[in-house]
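Colleague: Below is the file start19.csv, with CSV, C-alpha atoms.
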chain,number,residue,atom,x,y,z
E,3,MET,CA,0.0,0.0,0.0
E,4,GLU,CA,1.4,3.4,-1.0
E,5,ASP,CA,1.5,6.4,1.3
E,6,ALA,CA,-0.4,9.6,0.7
E,7,LEU,CA,-0.2,13.1,2.3
E,8,GLY,CA,-3.2,15.4,2.4
E,9,TYR,CA,-3.3,19.2,2.4
E,10,ILE,CA,-6.3,21.3,3.4
E,11,ARG,CA,-6.7,25.0,3.6
E,12,VAL,CA,-9.3,27.7,4.1
E,13,SER,CA,-8.9,31.5,4.0
E,14,SER,CA,-10.3,33.7,6.7
E,15,ASP,CA,-13.3,34.7,4.6
E,16,GLU,CA,-14.3,31.2,3.4
E,17,GLN,CA,-17.3,29.8,5.3
E,18,VAL,CA,-17.3,26.3,6.7
E,19,ASP,CA,-20.8,25.6,5.2
E,20,SER,CA,-19.6,26.5,1.7
E,21,GLY,CA,-18.2,23.0,1.1
E,22,LEU,CA,-14.7,24.3,1.5
E,23,GLY,CA,-14.4,23.8,5.3
E,24,LEU,CA,-11.4,22.0,6.7
E,25,GLU,CA,-13.3,19.0,7.9
E,26,ALA,CA,-15.1,18.6,4.5
E,27,GLN,CA,-11.8,18.6,2.7
E,28,ARG,CA,-10.3,16.1,5.2
E,29,GLN,CA,-13.3,13.7,4.6
E,30,ARG,CA,-13.0,13.9,0.9
E,31,ILE,CA,-9.3,13.2,1.0
E,32,ALA,CA,-9.8,10.3,3.4
E,33,ALA,CA,-12.6,8.8,1.2
E,34,TYR,CA,-10.4,9.1,-2.0
E,35,CYS,CA,-7.5,7.3,-0.3
E,36,ALA,CA,-9.8,4.5,0.9
E,37,MET,CA,-11.2,4.1,-2.6
E,38,LYS,CA,-7.7,4.1,-4.2
E,39,GLY,CA,-6.1,1.8,-1.6
E,40,LEU,CA,-3.7,4.6,-0.4
E,41,ARG,CA,-2.5,4.9,3.2
E,42,LEU,CA,-3.2,8.5,4.4
E,43,THR,CA,-0.2,9.1,6.7
E,44,GLU,CA,-0.7,12.8,7.5
E,45,VAL,CA,-2.9,15.7,6.7
E,46,PHE,CA,-1.4,19.2,6.7
E,47,ALA,CA,-3.9,22.0,7.5
E,48,ASP,CA,-3.6,25.8,7.0
E,49,PRO,CA,-6.7,27.4,8.6
E,50,GLY,CA,-7.3,31.1,7.9
E,51,ILE,CA,-4.5,31.3,5.3
E,52,SER,CA,-4.9,33.2,2.1
E,53,GLY,CA,-4.1,31.2,-1.1
E,54,GLY,CA,-2.7,34.3,-2.8
E,55,LYS,CA,0.8,33.5,-1.4
E,56,PRO,CA,3.1,30.7,-2.6
E,57,LEU,CA,2.5,27.3,-1.1
E,58,ALA,CA,6.0,27.3,0.5
E,59,SER,CA,5.1,30.4,2.5
E,60,HIS,CA,2.2,28.7,4.2
E,61,PRO,CA,3.1,27.2,7.6
E,62,ALA,CA,1.6,23.8,6.8
E,63,GLY,CA,2.3,24.1,3.1
E,64,SER,CA,6.0,24.4,3.7
E,65,GLN,CA,5.9,21.3,5.9
E,66,LEU,CA,4.0,19.4,3.2
E,67,LEU,CA,6.6,20.2,0.6
E,68,GLU,CA,9.4,19.1,2.9
E,69,VAL,CA,7.8,15.8,3.8
E,70,ALA,CA,6.6,15.1,0.3
E,71,LYS,CA,10.1,15.5,-1.2
E,72,LYS,CA,11.6,13.1,1.3
E,73,SER,CA,8.9,10.4,1.2
E,74,LYS,CA,7.8,10.7,-2.4
E,75,ALA,CA,4.2,10.0,-1.2
E,76,PHE,CA,1.1,11.0,-3.2
E,77,VAL,CA,-0.1,14.5,-2.4
E,78,ILE,CA,-3.9,14.7,-2.3
E,79,VAL,CA,-6.0,17.8,-2.2
E,80,ALA,CA,-9.8,18.2,-2.4
E,81,LYS,CA,-9.5,21.0,-4.9
E,82,LEU,CA,-6.6,22.4,-6.9
E,83,ASP,CA,-7.0,26.0,-5.6
E,84,ARG,CA,-6.4,24.7,-2.0
E,85,LEU,CA,-2.8,24.4,-3.1
E,86,PHE,CA,-2.3,27.1,-5.7
E,87,ARG,CA,-3.7,30.5,-6.5
E,88,SER,CA,-0.8,31.6,-8.7
E,89,VAL,CA,0.0,30.1,-12.2
E,90,ALA,CA,3.7,30.6,-11.6
E,91,ASP,CA,3.6,28.8,-8.2
E,92,ALA,CA,1.5,26.0,-9.7
E,93,ALA,CA,3.9,25.5,-12.6
E,94,ASN,CA,7.0,25.6,-10.3
E,95,VAL,CA,5.6,23.1,-7.7
E,96,ILE,CA,4.2,20.7,-10.3
E,97,ALA,CA,7.5,20.7,-12.2
E,98,ASP,CA,9.4,20.1,-8.9
E,99,PHE,CA,7.0,17.3,-7.9
E,100,ASP,CA,7.5,15.7,-11.4
E,101,ARG,CA,11.3,15.8,-11.1
E,102,LYS,CA,11.1,14.1,-7.7
E,103,GLY,CA,8.5,11.5,-8.7
E,104,ILE,CA,5.7,12.9,-6.5
E,105,GLN,CA,2.2,12.4,-7.8
E,106,LEU,CA,-0.2,15.2,-7.1
E,107,VAL,CA,-4.0,14.5,-7.2
E,108,ALA,CA,-6.8,17.1,-7.2
E,109,ILE,CA,-10.0,15.3,-6.4
E,110,ALA,CA,-12.5,17.9,-7.6
E,111,GLU,CA,-10.9,18.4,-10.9
E,112,SER,CA,-10.1,14.7,-11.4
E,113,PHE,CA,-6.5,15.6,-12.1
E,114,ASP,CA,-3.9,13.0,-11.5
E,115,MET,CA,-0.5,14.6,-12.1
E,116,GLY,CA,1.1,11.3,-12.6
E,117,SER,CA,0.7,11.8,-16.3
E,118,ALA,CA,1.8,14.6,-18.7
E,119,TYR,CA,-1.8,15.2,-19.6
E,120,GLY,CA,-2.8,15.6,-16.0
E,121,ARG,CA,0.0,18.1,-15.3
E,122,ALA,CA,-0.9,20.1,-18.4
E,123,MET,CA,-4.5,20.3,-17.4
E,124,ALA,CA,-3.6,21.3,-13.9
E,125,GLN,CA,-1.5,24.2,-15.2
E,126,MET,CA,-4.4,25.3,-17.5
E,127,ALA,CA,-6.8,25.2,-14.6
E,128,SER,CA,-4.5,27.4,-12.7
E,129,VAL,CA,-4.4,29.9,-15.5
E,130,PHE,CA,-8.2,30.2,-15.7
E,131,ALA,CA,-8.4,30.4,-11.8
E,132,GLU,CA,-6.0,33.3,-11.7
E,133,LEU,CA,-7.9,35.0,-14.6
E,134,GLU,CA,-11.1,34.7,-12.6
E,135,ARG,CA,-9.5,36.2,-9.5
E,136,THR,CA,-8.1,39.1,-11.5
E,137,MET,CA,-11.5,39.8,-13.0
E,138,ILE,CA,-13.2,39.7,-9.6
E,139,ARG,CA,-10.6,42.0,-8.2
E,140,GLU,CA,-11.1,44.5,-11.1
E,141,ARG,CA,-14.8,44.4,-10.7
E,142,THR,CA,-14.5,45.1,-6.9
E,143,LEU,CA,-12.1,48.0,-7.5
E,144,SER,CA,-14.4,49.4,-10.1
E,145,ALA,CA,-17.4,49.3,-7.8
E,146,MET,CA,-15.3,50.9,-5.0
E,147,ASN,CA,-14.2,53.7,-7.3
E,148,VAL,CA,-17.9,54.4,-8.2
E,149,LYS,CA,-18.8,54.5,-4.5
E,150,ARG,CA,-15.9,56.7,-3.8
E,151,SER,CA,-16.8,59.1,-6.5
E,152,ARG,CA,-20.3,59.4,-5.0
E,153,GLY,CA,-18.9,60.0,-1.6
E,154,GLU,CA,-20.4,56.7,-0.3
E,155,ARG,CA,-19.0,54.6,2.5
E,156,ILE,CA,-16.6,51.9,1.3
E,157,SER,CA,-14.9,51.0,4.6
E,158,GLY,CA,-15.3,51.1,8.4
E,159,HIS,CA,-13.0,54.1,8.7
E,160,ALA,CA,-13.3,57.5,7.1
E,161,PRO,CA,-10.1,58.7,5.4
E,162,TYR,CA,-8.1,61.5,7.1
E,163,GLY,CA,-9.8,64.8,6.5
E,164,TRP,CA,-13.3,63.3,6.3
E,165,ASP,CA,-16.0,61.9,8.5
E,166,PHE,CA,-19.1,59.8,7.8
E,167,GLY,CA,-22.3,61.8,7.9
E,168,SER,CA,-25.7,60.5,9.1
E,169,ASP,CA,-26.5,59.2,5.7
E,170,GLY,CA,-23.2,57.3,5.4
E,171,ARG,CA,-21.7,59.7,2.9
E,172,LEU,CA,-18.3,61.4,3.4
E,173,VAL,CA,-18.3,65.0,4.8
E,174,LYS,CA,-15.3,67.2,5.3
E,175,ASN,CA,-13.7,67.4,8.7
E,176,SER,CA,-12.6,71.1,8.8
E,177,ALA,CA,-9.9,70.6,11.5
E,178,GLU,CA,-8.3,67.7,9.6
E,179,GLN,CA,-8.5,69.5,6.3
E,180,LYS,CA,-6.3,72.2,7.8
E,181,VAL,CA,-3.8,69.5,8.9
E,182,ILE,CA,-3.8,68.2,5.3
E,183,ALA,CA,-2.9,71.7,4.1
E,184,ARG,CA,-0.1,71.8,6.7
E,185,LEU,CA,1.2,68.4,5.3
E,186,ARG,CA,1.3,69.8,1.8
E,187,GLU,CA,3.2,72.9,3.1
E,188,LEU,CA,5.8,70.7,4.8
E,189,HIS,CA,6.1,68.5,1.8
E,190,ALA,CA,6.6,71.5,-0.5
E,191,GLU,CA,9.4,72.6,1.9
E,192,GLY,CA,11.2,69.3,1.0
E,193,LEU,CA,10.5,67.3,4.2
E,194,SER,CA,10.4,63.5,3.8
E,195,TYR,CA,7.3,61.6,4.9
E,196,ARG,CA,9.2,60.6,8.1
E,197,GLY,CA,10.3,64.2,8.6
E,198,ILE,CA,6.7,65.4,8.3
E,199,ALA,CA,5.6,62.8,10.8
E,200,THR,CA,8.2,64.0,13.3
E,201,ARG,CA,7.2,67.7,12.7
E,202,LEU,CA,3.5,66.9,13.3
E,203,GLU,CA,4.3,65.2,16.6
E,204,ALA,CA,6.5,68.1,17.6
E,205,GLU,CA,3.7,70.5,16.9
E,206,GLY,CA,1.3,68.4,19.0
E,207,ILE,CA,-1.0,67.4,16.1
E,208,PRO,CA,-2.5,64.0,16.7
E,209,PRO,CA,-3.3,61.4,14.0
E,210,LYS,CA,-6.9,60.3,13.4
E,211,ARG,CA,-6.2,56.9,15.0
E,212,GLY,CA,-3.4,55.6,17.1
E,213,ARG,CA,-0.8,57.6,19.1
E,214,ARG,CA,1.9,58.4,16.6
E,215,TRP,CA,2.0,59.4,13.0
E,216,ALA,CA,3.4,56.8,10.6
E,217,HIS,CA,5.3,57.9,7.4
E,218,THR,CA,3.0,55.5,5.4
E,219,THR,CA,0.0,57.4,6.7
E,220,ILE,CA,1.5,60.7,5.6
E,221,LYS,CA,2.3,59.3,2.1
E,222,SER,CA,-1.3,57.9,1.8
E,223,ILE,CA,-2.8,61.3,2.6
E,224,LEU,CA,-0.6,63.2,0.3
E,225,THR,CA,-0.9,60.9,-2.6
E,226,ARG,CA,-4.7,60.4,-2.3
E,227,LYS,CA,-6.6,62.0,-5.1
E,228,ALA,CA,-8.4,65.2,-4.1
E,229,LYS,CA,-12.2,64.9,-4.0
Take the structure I supplied and represent it as structure tokens, if you would.

Modeller:
Amino acid sequence: MEDALGYIRVSSDEQVDSGLGLEAQRQRIAAYCAMKGLRLTEVFADPGISGGKPLASHPAGSQLLEVAKKSKAFVIVAKLDRLFRSVADAANVIADFDRKGIQLVAIAESFDMGSAYGRAMAQMASVFAELERTMIRERTLSAMNVKRSRGERISGHAPYGWDFGSDGRLVKNSAEQKVIARLRELHAEGLSYRGIATRLEAEGIPPKRGRRWAHTTIKSILTRKAK
């Protein structure tokens, strides 16, 4: 009986009842191994981890790669996007597995990377998955830009210089608008973002949130498009 390793992952915004929960993935992998006569020796779990980063950067993902390369066991996932959200990462890992004789199986897509056809199909699936994510991201940004142009609320925090009115729309905060004008003056004088932060603290001007000004906050305020 050959050994198999499982990998399961959910991001922080994926719901358990969506069919992507950790336990649901674990059960699918266990059932597949039982059907194929594989001995499931270990399941690596990454709860609350975004798939946008390379597999090797995930806590359990890096452990999976290390164990798989030593044992040459099957690597089983319930769905291909549990492992990869990047075409480049998918191509690199699949090629590395191929060189080391590791067979990767994605149950939902019925991909068995033990064959050249399976590896090619997996890489194509990764291409379309990344395209879909890019399109979703573009639609989201477009919707946010429309809301922003209307002065509608798009987050839980109003940007510096603004507050949320009773109707949820942005209204100018006169005191903070004066501070923004001061930021522009200091920037025109040649001060760096860090230098501006230091000057504001010396002048006793508090940030909107937190105790100290951060240079990244200064940069964000100064580079934000005027409304």

Colleague: I'd like the interatomic distance between atom CA of Lys221 of chain E and atom CA of Ser52 of chain E, to a tenth of an Å.

Modeller: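 A separation of 27.1 Å between them.
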
Colleague: Would you list the contacts of Asp5 of chain E as a list in words, taking every protein, DNA or RNA residue within 8 Å and counting only C-alpha atoms, but skipping same-chain residues closer than 5 positions in sequence?

Modeller: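 Near Asp5 of chain E, the qualifying residues are Leu40, Arg41, Leu42, Thr43, Ala75 and Phe76 of chain E.
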
Colleague: Of the residues E:Arg186, E:Arg213, E:Arg196, E:Lys55, which is the one nearest to Ala92 of chain E, using only C-alpha atoms?

Modeller: E:Lys55

Colleague: Pick out the residues sitting within 12 Å of Gly197 of chain E, and hand them over as a ChimeraX atom specification; count all atoms listed in the file, and ignore anything fewer than 3 positions along from it in its own chain.

Modeller: /E:185,188-189,191-194,200-204,215-218,220-221

Colleague: Record the distance separating atom CA of Ile10 of chain E and atom CA of Ser59 of chain E, expressed in Å with one decimal.

Modeller: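 Calculated distance between atom CA of Ile10 of chain E and atom CA of Ser59 of chain E is 14.6 Å.
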
Colleague: Show me, as JSON, numbers by chain, the residues that have an atom within 7 Å of Asn175 of chain E when counting only C-alpha atoms, minus same-chain residues fewer than 4 positions from it.

Modeller: {"E": [163, 164, 165, 179]}

Colleague: Using all atoms listed in the file, list the residues that have an atom at most 9 Å from (-17.8, 60.1, 6.3), coordinates as in the file, as a list in words.

Modeller: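 Checked against the point, the hits come out as Gly153, Glu154, Arg155, His159, Ala160, Pro161, Trp164, Asp165, Phe166, Gly167, Ser168, Asp169, Gly170, Arg171, Leu172, Val173, Lys174 and Asn175 of chain E.
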
Colleague: Mind checking which residues fall within 10 Å of segment 23-28 of chain E, counting all atoms listed in the file, ignoring those fewer than 4 positions away in the same chain, and posting them as a PDB file with C-alpha atoms, in the coordinates of the input?

Modeller:
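Final output, out_20.pdb:
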ATOM      1  CA  GLY E   8      -3.200  15.400   2.400  1.00  0.00           C
ATOM      2  CA  TYR E   9      -3.300  19.200   2.400  1.00  0.00           C
ATOM      3  CA  ILE E  10      -6.300  21.300   3.400  1.00  0.00           C
ATOM      4  CA  ARG E  11      -6.700  25.000   3.600  1.00  0.00           C
ATOM      5  CA  VAL E  12      -9.300  27.700   4.100  1.00  0.00           C
ATOM      6  CA  SER E  13      -8.900  31.500   4.000  1.00  0.00           C
ATOM      7  CA  GLU E  16     -14.300  31.200   3.400  1.00  0.00           C
ATOM      8  CA  GLN E  17     -17.300  29.800   5.300  1.00  0.00           C
ATOM      9  CA  VAL E  18     -17.300  26.300   6.700  1.00  0.00           C
ATOM     10  CA  ASP E  19     -20.800  25.600   5.200  1.00  0.00           C
ATOM     11  CA  ALA E  32      -9.800  10.300   3.400  1.00  0.00           C
ATOM     12  CA  ALA E  33     -12.600   8.800   1.200  1.00  0.00           C
ATOM     13  CA  VAL E  45      -2.900  15.700   6.700  1.00  0.00           C
ATOM     14  CA  PHE E  46      -1.400  19.200   6.700  1.00  0.00           C
ATOM     15  CA  ALA E  47      -3.900  22.000   7.500  1.00  0.00           C
ATOM     16  CA  ASP E  48      -3.600  25.800   7.000  1.00  0.00           C
ATOM     17  CA  PRO E  49      -6.700  27.400   8.600  1.00  0.00           C
ATOM     18  CA  ILE E  78      -3.900  14.700  -2.300  1.00  0.00           C
ATOM     19  CA  VAL E  79      -6.000  17.800  -2.200  1.00  0.00           C
ATOM     20  CA  ALA E  80      -9.800  18.200  -2.400  1.00  0.00           C
ATOM     21  CA  LYS E  81      -9.500  21.000  -4.900  1.00  0.00           C
ATOM     22  CA  ARG E  84      -6.400  24.700  -2.000  1.00  0.00           C
ATOM     23  CA  ILE E 109     -10.000  15.300  -6.400  1.00  0.00           C
TER      24      ILE E 109
END

Colleague: Find, counting all atoms listed in the file, the residue in E:Tyr195, E:Phe86, E:Phe113, E:Tyr162 that gets nearest to Gly63 of chain E.

Modeller: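 Among E:Tyr195, E:Phe86, E:Phe113, E:Tyr162, it is E:Phe86 that comes nearest to Gly63 of chain E.
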
Colleague: For Ser112 of chain E, which of E:Leu82, E:Ile182, E:Ala199, E:Ile96 is the closest residue, counting all atoms listed in the file?

Modeller: E:Leu82

Colleague: Quick one, how far is atom CA of Lys102 of chain E from atom CA of Lys71 of chain E?

Modeller: 6.7 Å
